[in-house]
>>> print(open('final_13.pdb').read())   # PDB, C-alpha atoms, pLDDT in the B column
ATOM      1  CA  MET A 101     105.378 112.241  89.097  1.00 93.00           C
ATOM      2  CA  THR A 102     106.998 109.004  90.250  1.00 96.00           C
ATOM      3  CA  THR A 103     105.424 106.351  92.430  1.00 95.00           C
ATOM      4  CA  GLU A 104     107.826 107.267  95.245  1.00 96.00           C
ATOM      5  CA  GLU A 105     106.927 110.965  95.010  1.00 97.00           C
ATOM      6  CA  ILE A 106     103.232 110.119  95.242  1.00 97.00           C
ATOM      7  CA  TYR A 107     103.828 107.740  98.156  1.00 96.00           C
ATOM      8  CA  VAL A 108     105.769 110.401 100.074  1.00 96.00           C
ATOM      9  CA  LYS A 109     102.863 112.836  99.618  1.00 97.00           C
ATOM     10  CA  ILE A 110     100.053 110.455 100.612  1.00 96.00           C
ATOM     11  CA  LEU A 111     101.813 108.828 103.573  1.00 96.00           C
ATOM     12  CA  PRO A 112     101.337 111.804 105.944  1.00 97.00           C
ATOM     13  CA  ILE A 113      97.692 112.066 104.865  1.00 97.00           C
ATOM     14  CA  VAL A 114      97.047 108.431 105.786  1.00 97.00           C
ATOM     15  CA  LYS A 115      99.023 108.697 109.035  1.00 96.00           C
ATOM     16  CA  ASN A 116      96.809 111.610 110.065  1.00 96.00           C
ATOM     17  CA  TYR A 117      93.764 109.292 110.137  1.00 97.00           C
ATOM     18  CA  LEU A 118      95.289 106.226 111.777  1.00 96.00           C
ATOM     19  CA  PRO A 119      93.637 105.019 114.967  1.00 95.00           C
ATOM     20  CA  GLU A 120      95.786 105.230 118.093  1.00 93.00           C
ATOM     21  CA  ASP A 121      96.376 101.476 118.166  1.00 92.00           C
ATOM     22  CA  VAL A 122      98.163 101.475 114.777  1.00 93.00           C
ATOM     23  CA  ASN A 123     101.835 102.412 114.475  1.00 92.00           C
ATOM     24  CA  GLY A 124     102.421 104.707 111.493  1.00 91.00           C
ATOM     25  CA  ASP A 125     105.908 103.273 111.053  1.00 92.00           C
ATOM     26  CA  GLU A 126     104.395  99.927 110.033  1.00 86.00           C
ATOM     27  CA  ILE A 127     102.675 101.351 106.935  1.00 94.00           C
ATOM     28  CA  ASN A 128     103.906 100.114 103.571  1.00 94.00           C
ATOM     29  CA  PRO A 129     102.525 100.432 100.029  1.00 94.00           C
ATOM     30  CA  ASP A 130     100.731  97.076 100.342  1.00 96.00           C
ATOM     31  CA  SER A 131      99.036  97.933 103.651  1.00 94.00           C
ATOM     32  CA  ASP A 132      95.292  97.342 103.533  1.00 96.00           C
ATOM     33  CA  LEU A 133      93.721 100.635 104.563  1.00 96.00           C
ATOM     34  CA  THR A 134      90.659  99.246 106.333  1.00 95.00           C
ATOM     35  CA  GLY A 135      91.976  95.783 107.234  1.00 93.00           C
ATOM     36  CA  GLU A 136      95.533  96.201 108.489  1.00 94.00           C
ATOM     37  CA  LEU A 137      95.423  99.907 109.309  1.00 96.00           C
ATOM     38  CA  ASN A 138      91.918  99.872 110.843  1.00 95.00           C
ATOM     39  CA  ILE A 139      90.844 103.040 109.029  1.00 96.00           C
ATOM     40  CA  ASN A 140      87.073 103.361 109.225  1.00 95.00           C
ATOM     41  CA  SER A 141      84.927 104.298 106.238  1.00 93.00           C
ATOM     42  CA  ALA A 142      84.399 107.894 107.376  1.00 95.00           C
ATOM     43  CA  HIS A 143      88.143 108.449 107.662  1.00 96.00           C
ATOM     44  CA  LEU A 144      88.679 106.729 104.324  1.00 95.00           C
ATOM     45  CA  VAL A 145      86.442 109.369 102.750  1.00 95.00           C
ATOM     46  CA  ASP A 146      88.472 112.070 104.523  1.00 97.00           C
ATOM     47  CA  ILE A 147      91.685 110.558 103.154  1.00 97.00           C
ATOM     48  CA  VAL A 148      90.266 110.568  99.632  1.00 97.00           C
ATOM     49  CA  LEU A 149      89.187 114.208  99.982  1.00 97.00           C
ATOM     50  CA  ASP A 150      92.643 115.196 101.224  1.00 98.00           C
ATOM     51  CA  VAL A 151      94.333 113.261  98.401  1.00 97.00           C
ATOM     52  CA  GLU A 152      92.037 114.917  95.865  1.00 97.00           C
ATOM     53  CA  ASP A 153      93.056 118.331  97.234  1.00 98.00           C
ATOM     54  CA  GLU A 154      96.757 117.439  97.364  1.00 97.00           C
ATOM     55  CA  PHE A 155      96.911 116.242  93.759  1.00 97.00           C
ATOM     56  CA  ASN A 156      94.080 118.361  92.301  1.00 97.00           C
ATOM     57  CA  ILE A 157      92.233 115.271  91.036  1.00 97.00           C
ATOM     58  CA  GLU A 158      88.840 113.699  91.598  1.00 97.00           C
ATOM     59  CA  PHE A 159      88.168 110.085  92.547  1.00 96.00           C
ATOM     60  CA  ALA A 160      85.212 108.508  90.740  1.00 96.00           C
ATOM     61  CA  ASN A 161      82.911 105.904  92.306  1.00 93.00           C
ATOM     62  CA  GLU A 162      84.757 103.212  90.321  1.00 95.00           C
ATOM     63  CA  ASP A 163      88.029 104.371  91.864  1.00 95.00           C
ATOM     64  CA  MET A 164      86.591 104.048  95.348  1.00 93.00           C
ATOM     65  CA  GLU A 165      85.568 100.450  94.605  1.00 93.00           C
ATOM     66  CA  THR A 166      89.178  99.505  93.806  1.00 94.00           C
ATOM     67  CA  LEU A 167      90.784 101.438  96.667  1.00 96.00           C
ATOM     68  CA  ARG A 168      92.088  98.888  99.163  1.00 96.00           C
ATOM     69  CA  THR A 169      95.812  99.609  99.623  1.00 97.00           C
ATOM     70  CA  LEU A 170      98.197 102.525  99.272  1.00 95.00           C
ATOM     71  CA  ASN A 171      99.383 100.970  96.002  1.00 97.00           C
ATOM     72  CA  ASP A 172      95.775 101.145  94.761  1.00 97.00           C
ATOM     73  CA  ALA A 173      95.675 104.842  95.664  1.00 96.00           C
ATOM     74  CA  ILE A 174      98.992 105.439  93.901  1.00 96.00           C
ATOM     75  CA  ALA A 175      97.717 103.674  90.757  1.00 97.00           C
ATOM     76  CA  ILE A 176      94.542 105.777  90.763  1.00 97.00           C
ATOM     77  CA  ILE A 177      96.558 108.973  91.212  1.00 97.00           C
ATOM     78  CA  HIS A 178      98.923 107.977  88.366  1.00 96.00           C
ATOM     79  CA  LYS A 179      95.911 107.438  86.117  1.00 95.00           C
ATOM     80  CA  LYS A 180      94.451 110.851  86.995  1.00 94.00           C
ATOM     81  CA  LEU A 181      97.634 112.930  86.612  1.00 94.00           C
TER      82      LEU A 181
END
>>> encode(input="final_13.pdb", output="structure tokens")
Amino acid sequence: MTTEEIYVKILPIVKNYLPEDVNGDEINPDSDLTGELNINSAHLVDIVLDVEDEFNIEFANEDMETLRTLNDAIAIIHKKL
């Protein structure tokens, strides 16, 4: 699976958890999930759970420690597939 294919699949998942004050059209692969996109920690866990279901993978605690941007998520998914 290519980086673009993964990005297209995770983008709607992330958009689903954006707060109302964040425009989903401004998301890019380098967007900081908690900083720029204002996703709180509870929603970050929900995103991870949805991504795990979507790709049939499991994030380890070490993966969670490195998860800051969409590119980080894509790298983790690549490693798990």
>>> closest_residue(input="final_13.pdb", among="A:Asn123, A:Thr169, A:Asn156, A:Asn128", to="Leu144 of chain A", atoms="all atoms listed in the file")
A:Thr169
>>> atom_distance(input="final_13.pdb", atom1="atom CA of Ala160 of chain A", atom2="atom CA of Pro119 of chain A")
25.9 Å
>>> resolve_selection(input="final_13.pdb", expression="the PyMOL selection byres ((chain A and resi 134) around 12)", output="PDB file with C-alpha atoms, in the coordinates of the input")
ATOM      1  CA  VAL A 114      97.047 108.431 105.786  1.00 97.00           C
ATOM      2  CA  TYR A 117      93.764 109.292 110.137  1.00 97.00           C
ATOM      3  CA  LEU A 118      95.289 106.226 111.777  1.00 96.00           C
ATOM      4  CA  PRO A 119      93.637 105.019 114.967  1.00 95.00           C
ATOM      5  CA  VAL A 122      98.163 101.475 114.777  1.00 93.00           C
ATOM      6  CA  ASP A 130     100.731  97.076 100.342  1.00 96.00           C
ATOM      7  CA  SER A 131      99.036  97.933 103.651  1.00 94.00           C
ATOM      8  CA  ASP A 132      95.292  97.342 103.533  1.00 96.00           C
ATOM      9  CA  LEU A 133      93.721 100.635 104.563  1.00 96.00           C
ATOM     10  CA  GLY A 135      91.976  95.783 107.234  1.00 93.00           C
ATOM     11  CA  GLU A 136      95.533  96.201 108.489  1.00 94.00           C
ATOM     12  CA  LEU A 137      95.423  99.907 109.309  1.00 96.00           C
ATOM     13  CA  ASN A 138      91.918  99.872 110.843  1.00 95.00           C
ATOM     14  CA  ILE A 139      90.844 103.040 109.029  1.00 96.00           C
ATOM     15  CA  ASN A 140      87.073 103.361 109.225  1.00 95.00           C
ATOM     16  CA  SER A 141      84.927 104.298 106.238  1.00 93.00           C
ATOM     17  CA  ALA A 142      84.399 107.894 107.376  1.00 95.00           C
ATOM     18  CA  HIS A 143      88.143 108.449 107.662  1.00 96.00           C
ATOM     19  CA  LEU A 144      88.679 106.729 104.324  1.00 95.00           C
ATOM     20  CA  VAL A 145      86.442 109.369 102.750  1.00 95.00           C
ATOM     21  CA  ILE A 147      91.685 110.558 103.154  1.00 97.00           C
ATOM     22  CA  LEU A 167      90.784 101.438  96.667  1.00 96.00           C
ATOM     23  CA  ARG A 168      92.088  98.888  99.163  1.00 96.00           C
ATOM     24  CA  THR A 169      95.812  99.609  99.623  1.00 97.00           C
ATOM     25  CA  LEU A 170      98.197 102.525  99.272  1.00 95.00           C
TER      26      LEU A 170
END
>>> resolve_selection(input="final_13.pdb", expression="the PyMOL selection byres ((chain A and resi 113) around 10)", output="PyMOL selection string")
chain A and resi 108-112+114-118+146-148+150-151+154
>>> atom_distance(input="final_13.pdb", atom1="atom CA of Ile157 of chain A", atom2="atom CA of Gly124 of chain A")
25.2 Å
>>> atom_distance(input="final_13.pdb", atom1="atom CA of Asp172 of chain A", atom2="atom CA of Glu120 of chain A")
23.7 Å
>>> residues_around(input="final_13.pdb", residues="Met101 of chain A", least_positions_apart="4", cutoff="9 Å", atoms="only C-alpha atoms", output="ChimeraX atom specification")
/A:105-106,178,181
>>> decode(input="final_13.pdb", residues="segment 121-135 of chain A", atoms="all heavy atoms", output="short mmCIF file (atom, residue, chain, number, x, y, z; two decimals), in the first residue's frame")
data_model
loop_
_atom_site.label_atom_id
_atom_site.label_comp_id
_atom_site.auth_asym_id
_atom_site.auth_seq_id
_atom_site.Cartn_x
_atom_site.Cartn_y
_atom_site.Cartn_z
N ASP A 121 -13.63 24.21 15.60
CA ASP A 121 -12.86 25.40 15.22
C ASP A 121 -11.71 25.10 14.26
O ASP A 121 -10.95 25.98 13.90
CB ASP A 121 -12.34 26.12 16.46
CG ASP A 121 -11.36 25.28 17.27
OD1 ASP A 121 -11.41 24.03 17.17
OD2 ASP A 121 -10.54 25.87 17.99
N VAL A 122 -11.58 23.84 13.81
CA VAL A 122 -10.51 23.47 12.88
C VAL A 122 -11.12 23.07 11.55
O VAL A 122 -12.02 22.25 11.49
CB VAL A 122 -9.66 22.31 13.45
CG1 VAL A 122 -8.60 21.87 12.45
CG2 VAL A 122 -9.02 22.71 14.78
N ASN A 123 -10.61 23.67 10.47
CA ASN A 123 -11.08 23.39 9.13
C ASN A 123 -10.37 22.14 8.60
O ASN A 123 -9.15 22.11 8.49
CB ASN A 123 -10.80 24.60 8.23
CG ASN A 123 -11.32 24.41 6.83
OD1 ASN A 123 -11.71 23.33 6.41
ND2 ASN A 123 -11.32 25.51 6.08
N GLY A 124 -11.14 21.12 8.24
CA GLY A 124 -10.58 19.88 7.74
C GLY A 124 -9.81 20.03 6.45
O GLY A 124 -8.95 19.21 6.13
N ASP A 125 -10.09 21.09 5.70
CA ASP A 125 -9.39 21.33 4.44
C ASP A 125 -7.95 21.79 4.66
O ASP A 125 -7.15 21.80 3.72
CB ASP A 125 -10.13 22.37 3.60
CG ASP A 125 -11.50 21.87 3.18
OD1 ASP A 125 -11.69 20.64 3.06
OD2 ASP A 125 -12.39 22.72 2.96
N GLU A 126 -7.61 22.17 5.88
CA GLU A 126 -6.26 22.66 6.17
C GLU A 126 -5.32 21.55 6.62
O GLU A 126 -4.15 21.80 6.90
CB GLU A 126 -6.33 23.75 7.25
CG GLU A 126 -7.10 24.97 6.79
CD GLU A 126 -7.28 26.00 7.89
OE1 GLU A 126 -6.73 25.83 8.98
OE2 GLU A 126 -8.00 26.98 7.64
N ILE A 127 -5.82 20.32 6.70
CA ILE A 127 -4.99 19.19 7.13
C ILE A 127 -4.00 18.83 6.03
O ILE A 127 -4.35 18.80 4.85
CB ILE A 127 -5.86 17.96 7.45
CG1 ILE A 127 -6.81 18.26 8.59
CG2 ILE A 127 -4.99 16.76 7.79
CD1 ILE A 127 -7.79 17.14 8.87
N ASN A 128 -2.77 18.56 6.43
CA ASN A 128 -1.77 18.04 5.50
C ASN A 128 -0.97 16.97 6.24
O ASN A 128 -1.10 16.82 7.45
CB ASN A 128 -0.89 19.17 4.95
CG ASN A 128 -0.01 19.79 6.00
OD1 ASN A 128 0.87 19.13 6.56
ND2 ASN A 128 -0.24 21.06 6.28
N PRO A 129 -0.15 16.21 5.54
CA PRO A 129 0.58 15.11 6.19
C PRO A 129 1.48 15.55 7.35
O PRO A 129 1.79 14.74 8.23
CB PRO A 129 1.41 14.50 5.07
CG PRO A 129 0.63 14.82 3.83
CD PRO A 129 0.03 16.18 4.09
N ASP A 130 1.90 16.81 7.36
CA ASP A 130 2.77 17.30 8.43
C ASP A 130 2.00 17.96 9.58
O ASP A 130 2.61 18.46 10.52
CB ASP A 130 3.78 18.30 7.87
CG ASP A 130 4.79 17.63 6.95
OD1 ASP A 130 5.26 16.52 7.28
OD2 ASP A 130 5.11 18.21 5.90
N SER A 131 0.68 17.97 9.50
CA SER A 131 -0.13 18.59 10.55
C SER A 131 0.08 17.87 11.88
O SER A 131 0.00 16.65 11.96
CB SER A 131 -1.61 18.53 10.19
OG SER A 131 -1.90 19.29 9.05
N ASP A 132 0.36 18.67 12.91
CA ASP A 132 0.50 18.12 14.26
C ASP A 132 -0.89 17.84 14.80
O ASP A 132 -1.73 18.74 14.89
CB ASP A 132 1.23 19.13 15.15
CG ASP A 132 1.53 18.58 16.52
OD1 ASP A 132 0.57 18.32 17.27
OD2 ASP A 132 2.71 18.42 16.86
N LEU A 133 -1.14 16.59 15.16
CA LEU A 133 -2.48 16.18 15.55
C LEU A 133 -3.00 16.93 16.77
O LEU A 133 -4.13 17.40 16.79
CB LEU A 133 -2.51 14.67 15.81
CG LEU A 133 -2.23 13.80 14.57
CD1 LEU A 133 -1.97 12.36 14.96
CD2 LEU A 133 -3.39 13.90 13.60
N THR A 134 -2.19 17.05 17.81
CA THR A 134 -2.66 17.70 19.03
C THR A 134 -2.37 19.20 19.02
O THR A 134 -3.14 19.97 19.59
CB THR A 134 -2.05 17.06 20.28
OG1 THR A 134 -0.62 17.10 20.19
CG2 THR A 134 -2.51 15.63 20.44
N GLY A 135 -1.30 19.61 18.37
CA GLY A 135 -0.93 21.03 18.34
C GLY A 135 -1.76 21.82 17.36
O GLY A 135 -2.59 22.64 17.73
#
